[in-house]
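Below: the structure, in structure tokens.
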Amino acid sequence: MRFDGQIAVYDPRSPASPCYACVFPETELAPEADCATMGVFAPLVGIVGAMQAAEALKLLCGVGQALSGRLLMLDGKRMQWSEMTVTRNAACEVCGHSHAAR
Ligand SMILES: [Zn+2]
């Protein structure tokens with residue numbers, strides 16, 4: 001959205017890997033908070049998209065270390081990456097212990 005981009009890998013084959021809902025629990029976003037409304041700086045789509053493709057190919061080929069468990073965030077105004085560790089949420093509505101057996 002705008003000048004910010006994010007990339008992560010959610011690998012359901014790995015029991016330690018969080019799912020998307022672990023990292024971004026469902027909330028009611030204000031309608032103006034989505035990228036369709038706020039817009040996106042077009043080159044960021046290419047930058048993040050190329051990284052997504054690289055991560056997908058790495059997973060398919062079994063090469064290197066996937067981004068699973070890490071969230072990379074790009075500040076496009078400063079062209080600066082930051083990173084945070086993301087973990088599986090045992091209470092996750094999608095993959096948590098009480099919901100995974102469905
Ligand atoms: Zn989850």
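Here's how to read the names in the structure tokens: chain A, B, ... by the order shown, residue numbers from 1 in each chain, ligand numbers from 1 in the order shown.
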Test item: residues no farther than 8 Å from ligand 1, counting only C-alpha atoms and all ligand atoms, as a count of residues only
15
Residues of range 9-60 of chain A that approach range 72-83 of chain A to 9 Å or less, counting only C-alpha atoms: could you list each one with the shortest pair of atoms and its distance in Å to one decimal, rows by chain and increasing residue number, as a Markdown table?
| residue | atom | partner | partner_atom | distance |
| --- | --- | --- | --- | --- |
| A:Phe41 | CA | A:Gly76 | CA | 8.2 |
| A:Leu44 | CA | A:Gly76 | CA | 7.1 |
| A:Val48 | CA | A:Leu74 | CA | 8.5 |
Take the selection from the previous step and output its residues with C-alpha atoms, as a short mmCIF file (atom, residue, chain, number, x, y, z; two decimals), in the first residue's frame.
data_model
loop_
_atom_site.label_atom_id
_atom_site.label_comp_id
_atom_site.auth_asym_id
_atom_site.auth_seq_id
_atom_site.Cartn_x
_atom_site.Cartn_y
_atom_site.Cartn_z
CA PHE A 41 3.69 3.09 -5.81
CA LEU A 44 7.06 -1.60 -5.46
CA VAL A 48 8.12 -7.30 -4.15
#
So that I can check the secondary structure, give me every residue of chain A assigned strand (DSSP E or B) by backbone DSSP, as a list in words.
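Of chain A, the ones in strand (DSSP E or B) are Arg2, Asp4, Gly5, Gln6, Ile7, Ala8, Val40, Arg70, Leu71, Leu72, Met73, Leu74, Asp75, Gln80, Trp81, Ser82, Glu83, Met84 and Thr85 of chain A.
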Using only C-alpha atoms for the distances, tell me which of A:Met38, A:Leu71, A:Val86, A:Leu57 is nearest to Gln6 in chain A.
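Using only C-alpha atoms, Gln6 in chain A sits closest to A:Leu71.
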Nearest to Pro43 in chain A, chosen from A:Met1, A:Thr27, A:Ala8, A:Gly64, with only C-alpha atoms counted in the distances
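Smallest distance to Pro43 in chain A is found for A:Met1.
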Between CA of Glu55 in chain A and CA of Ser14 in chain A, what distance in Å does the model show, to one decimal?
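Taking CA of Glu55 in chain A as the start and CA of Ser14 in chain A as the end point, the length is 15.3 Å.
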Taking the backbone alone, and naming residues the way the document does, which bits of chain A are alpha helix (DSSP H) by DSSP, as a PyMOL selection string?
chain A and resi 20-23+35-38+42-61
For the atom pair CA of Phe24 in chain A and CA of Val9 in chain A, what is the interatomic distance in Å to one decimal place?
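Separation of CA of Phe24 in chain A and CA of Val9 in chain A: 13.1 Å.
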Selected residue of minimal separation from Thr37 in chain A among A:Arg2, A:Thr85, A:Arg70, A:Gln65, counting only C-alpha atoms
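Closest to Thr37 in chain A, using only C-alpha atoms: A:Arg2.
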Among listed residues A:Glu26, A:Ser68, A:Gly49, A:Ala33, nearest Gly5 in chain A (using only C-alpha atoms):
A:Gly49
